[in-house]
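**Student:** Just dropping this structure here.
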Protein chains: 2
Amino acid sequence: MIEITYTAIGIIHSPFTKLSEMPIQPTSNSSAPGHIEIYPEYAEGLRDLDGFSHIYLLYHLHKVSQAKLTVTPFLDTMPRGVFATRAPSRPNPIGLSLVKLLRVEDDRVYVDQIDILNGTPLLDLKPFIPAFEGAENIRTGWLENAQKDIQKTRSDQRFLKKS
Amino acid sequence: MIEITYTAIGIIHSPFTKLSEMPIQPTSNSSAPGHIEIYPEYAEGLRDLDGFSHIYLLYHLHKVSQAKLTVTPFLDTMPRGVFATRAPSRPNPIGLSLVKLLRVEDDRVYVDQIDILNGTPLLDLKPFIPAFEGAENIRTGWLENAQKDIQKTRSDQRFLKKS
């Protein structure tokens, strides 16, 4: 068993303070602006970031319940393999969101389209580079029939950690 | 300091056995087919994945040298903040690649366009859902001038861990 330890490089600040009624993804109607506070010791790594329009945020889904291998995602009523979904209750609960970069001010990164819980630890941020992320002839499996609800669906408490 | 521990869910198998002369990203001319061996205890999570054409792989860059906050990326001659690049020597060395899914066979996931070192531990895989990953009016900062070399540039040993 290979164990890997990371350290948060910052904290995500958003208007979303509980896991229910959140947007389920960045392009949702209810996603919102927010900012990321990068810890001062990492701020040097933000240089040149402000030339990019979109960035990936990788973060630790810290309020999510134990991993499940089969989940019923927000957009479906059928159980699905967790790796065929973006559900948060993953064996390694790493969240991935592509968000719009508004501006960088010292150790603050201001973004739009956040779909992330307030206080979430940030693991990494990467520039979005369409020439790297190329995809053609895209198919989206079980989601083909659920696409119409993507923008209006909100989360509920189904993946919340019992505390 | 928030420490977070993950466990590899599988291993990535690719034709690339050393960090030099590798493709620097999935859309490179030199990226190649490979497969991921998901550990049996996680295989149930792969159900329904085969309906998707593209998946994100999140993996631990296990051969990369210590974190640097300023790097000279493969596509440039100028030092840049590491978070404005996809360079592997990040504070949390998590790699992200969007690859083409060929097929799923039990606990094996066959993919194309791999730009990942053989033996790399896999942390997570997620379906690519264009409706989630929407981005318009894209700008790519310092990379605007380097785009022409993206497909032919290969890696060298600049980020290799000293062993």
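Naming works like this for the structure tokens: A, B, ... for the chains as they're shown, residue 1 at the start of each chain, ligands 1 onward in shown order.
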What are the closest atom pairs, with distances in Å to one decimal, for each residue of chain B lying within 7 Å of chain A, using only C-alpha atoms, rows by chain and rising residue number, as a Markdown table?

**Tutor:**
```
| residue | atom | partner | partner_atom | distance |
| --- | --- | --- | --- | --- |
| B:Met1 | CA | A:Thr7 | CA | 6.8 |
| B:Ile2 | CA | A:Ala8 | CA | 5.5 |
| B:Glu3 | CA | A:Thr7 | CA | 4.6 |
| B:Ile4 | CA | A:Tyr6 | CA | 5.2 |
| B:Thr5 | CA | A:Thr5 | CA | 4.3 |
| B:Tyr6 | CA | A:Ile4 | CA | 5.2 |
| B:Thr7 | CA | A:Glu3 | CA | 4.6 |
| B:Ala8 | CA | A:Ile2 | CA | 5.5 |
| B:Gln25 | CA | A:Phe132 | CA | 5.9 |
| B:Pro26 | CA | A:Phe132 | CA | 6.3 |
| B:Thr27 | CA | A:Phe132 | CA | 5.8 |
| B:Tyr42 | CA | A:Leu69 | CA | 6.9 |
| B:Glu44 | CA | A:Leu69 | CA | 6.0 |
| B:Gly45 | CA | A:Gly81 | CA | 4.1 |
| B:Leu46 | CA | A:Gly81 | CA | 5.2 |
| B:Arg47 | CA | A:Gly81 | CA | 4.4 |
| B:Asp48 | CA | A:Ala84 | CA | 5.7 |
| B:Leu49 | CA | A:Ala84 | CA | 4.4 |
| B:Gly51 | CA | A:Gly141 | CA | 3.7 |
| B:Phe52 | CA | A:Thr140 | CA | 4.5 |
| B:Ser53 | CA | A:Arg139 | CA | 4.9 |
| B:His54 | CA | A:Ile138 | CA | 6.9 |
| B:Leu69 | CA | A:Gly45 | CA | 4.4 |
| B:Thr70 | CA | A:Gly45 | CA | 6.0 |
| B:Arg80 | CA | A:Asp48 | CA | 6.3 |
| B:Gly81 | CA | A:Gly45 | CA | 4.0 |
| B:Val82 | CA | A:Gly45 | CA | 4.9 |
| B:Phe83 | CA | A:Gly45 | CA | 5.3 |
| B:Ala84 | CA | A:Leu49 | CA | 4.4 |
| B:Thr85 | CA | A:Pro127 | CA | 6.4 |
| B:Arg86 | CA | A:Lys126 | CA | 6.3 |
| B:Asn92 | CA | A:Tyr6 | CA | 5.8 |
| B:Leu98 | CA | A:Glu133 | CA | 5.8 |
| B:Leu123 | CA | A:Asn92 | CA | 6.3 |
| B:Asp124 | CA | A:Asn92 | CA | 6.5 |
| B:Leu125 | CA | A:Phe83 | CA | 5.9 |
| B:Lys126 | CA | A:Phe83 | CA | 5.5 |
| B:Pro127 | CA | A:Ala84 | CA | 5.7 |
| B:Ile129 | CA | A:Thr140 | CA | 6.3 |
| B:Phe132 | CA | A:Thr27 | CA | 5.8 |
| B:Glu133 | CA | A:Leu98 | CA | 5.8 |
| B:Gly134 | CA | A:Thr27 | CA | 6.4 |
| B:Ile138 | CA | A:Ser53 | CA | 5.4 |
| B:Arg139 | CA | A:Ser53 | CA | 4.9 |
| B:Thr140 | CA | A:Phe52 | CA | 4.5 |
| B:Gly141 | CA | A:Gly51 | CA | 3.7 |
| B:Trp142 | CA | A:Gly51 | CA | 6.7 |
```

**Student:** Given the selection you just returned, output its residues as a file containing C-alpha atoms, formatted as a PDB file, in the first residue's frame.

**Tutor:**
```pdb
ATOM      1  CA  MET B   1      -0.166  23.037   8.736  1.00  0.00           C
ATOM      2  CA  ILE B   2      -2.835  20.718   7.363  1.00  0.00           C
ATOM      3  CA  GLU B   3      -1.431  17.313   6.370  1.00  0.00           C
ATOM      4  CA  ILE B   4      -3.466  15.041   4.139  1.00  0.00           C
ATOM      5  CA  THR B   5      -2.689  11.391   3.476  1.00  0.00           C
ATOM      6  CA  TYR B   6      -3.853   9.468   0.431  1.00  0.00           C
ATOM      7  CA  THR B   7      -3.343   5.886  -0.716  1.00  0.00           C
ATOM      8  CA  ALA B   8      -2.622   4.885  -4.314  1.00  0.00           C
ATOM      9  CA  GLN B  25       1.552  16.485 -22.256  1.00  0.00           C
ATOM     10  CA  PRO B  26      -1.191  14.161 -23.577  1.00  0.00           C
ATOM     11  CA  THR B  27      -1.699  15.892 -26.938  1.00  0.00           C
ATOM     12  CA  TYR B  42     -11.255  -0.478  -5.913  1.00  0.00           C
ATOM     13  CA  GLU B  44     -16.078  -1.917  -8.261  1.00  0.00           C
ATOM     14  CA  GLY B  45     -15.724   1.868  -8.647  1.00  0.00           C
ATOM     15  CA  LEU B  46     -15.029   1.467 -12.389  1.00  0.00           C
ATOM     16  CA  ARG B  47     -18.606   0.442 -13.204  1.00  0.00           C
ATOM     17  CA  ASP B  48     -20.183   2.667 -15.915  1.00  0.00           C
ATOM     18  CA  LEU B  49     -16.844   4.327 -16.723  1.00  0.00           C
ATOM     19  CA  GLY B  51     -19.364   5.054 -21.549  1.00  0.00           C
ATOM     20  CA  PHE B  52     -16.994   8.018 -21.354  1.00  0.00           C
ATOM     21  CA  SER B  53     -14.525   8.894 -24.122  1.00  0.00           C
ATOM     22  CA  HIS B  54     -12.034  10.865 -21.995  1.00  0.00           C
ATOM     23  CA  LEU B  69       8.393  27.784  -6.447  1.00  0.00           C
ATOM     24  CA  THR B  70      10.132  29.190  -9.513  1.00  0.00           C
ATOM     25  CA  ARG B  80       8.078  31.317 -14.051  1.00  0.00           C
ATOM     26  CA  GLY B  81       6.044  30.809 -10.876  1.00  0.00           C
ATOM     27  CA  VAL B  82       5.414  27.057 -10.620  1.00  0.00           C
ATOM     28  CA  PHE B  83       1.627  27.549 -10.301  1.00  0.00           C
ATOM     29  CA  ALA B  84       1.658  29.323 -13.688  1.00  0.00           C
ATOM     30  CA  THR B  85       3.143  26.155 -15.234  1.00  0.00           C
ATOM     31  CA  ARG B  86       2.407  22.447 -15.436  1.00  0.00           C
ATOM     32  CA  ASN B  92       2.209  18.864  -3.814  1.00  0.00           C
ATOM     33  CA  LEU B  98      -6.764  14.315 -19.700  1.00  0.00           C
ATOM     34  CA  LEU B 123      -4.667   8.760  -6.931  1.00  0.00           C
ATOM     35  CA  ASP B 124      -7.973   9.196  -8.719  1.00  0.00           C
ATOM     36  CA  LEU B 125      -9.677   9.076 -12.075  1.00  0.00           C
ATOM     37  CA  LYS B 126     -12.657  11.164 -13.079  1.00  0.00           C
ATOM     38  CA  PRO B 127     -14.824  11.305 -16.191  1.00  0.00           C
ATOM     39  CA  ILE B 129     -17.630  16.204 -18.714  1.00  0.00           C
ATOM     40  CA  PHE B 132     -18.627  20.862 -16.186  1.00  0.00           C
ATOM     41  CA  GLU B 133     -15.331  22.023 -17.673  1.00  0.00           C
ATOM     42  CA  GLY B 134     -16.719  24.922 -19.714  1.00  0.00           C
ATOM     43  CA  ILE B 138      -9.380  31.611 -22.919  1.00  0.00           C
ATOM     44  CA  ARG B 139      -6.001  33.279 -22.369  1.00  0.00           C
ATOM     45  CA  THR B 140      -2.802  31.348 -21.665  1.00  0.00           C
ATOM     46  CA  GLY B 141      -0.392  34.027 -20.461  1.00  0.00           C
ATOM     47  CA  TRP B 142       3.309  33.350 -21.036  1.00  0.00           C
TER      48      TRP B 142
END
```

**Student:** Would you mind listing what lies within 9 Å of stretch 153-162 of chain B as JSON, numbers by chain, with only C-alpha atoms counted and same-chain residues fewer than 3 positions away left out?

**Tutor:** {"B": [18, 19, 20, 21, 22, 23, 24, 25, 28, 29, 30, 62, 63, 64, 65, 66, 72, 74, 75, 87, 88, 89, 149, 150]}

**Student:** Please identify the strand (DSSP E) residues within chain B (assignment by DSSP from backbone atoms) and present them as a count of residues only.

**Tutor:** 54

**Student:** Any idea what the distance is between atom CA of B:Glu105 and atom CA of B:Ala32?

**Tutor:**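 These two atoms are separated by 18.8 Å.
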
**Student:** For B:His35, work out the shell of residues within 8 Å, counting only C-alpha atoms and skipping chain neighbours fewer than 5 positions away, then give it as a PyMOL selection string.

**Tutor:** chain B and resi 12-14+108-111

**Student:** Rank nothing, just name the residue among B:Ile38, B:Ala67, B:Val104, B:Leu61 nearest to B:Leu117, using only C-alpha atoms.

**Tutor:**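 Among the listed residues, the smallest separation from B:Leu117 belongs to B:Leu61.
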
**Student:** Using only C-alpha atoms for the distances, tell me which of A:Thr17, A:Asn145, A:Ser31, A:Thr77 is nearest to A:Thr120.

**Tutor:**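 For A:Thr120, the nearest of the candidates is A:Thr17.
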
**Student:** What's the separation between atom CA of B:Asp107 and atom CA of B:Leu57, in Å to one decimal place?

**Tutor:**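 So the answer is 15.3 Å.
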
**Student:** Could you jot down the atom CA of A:Ile114 to atom CA of A:Glu37 separation for me, Å, one decimal place?

**Tutor:** 14.0 Å
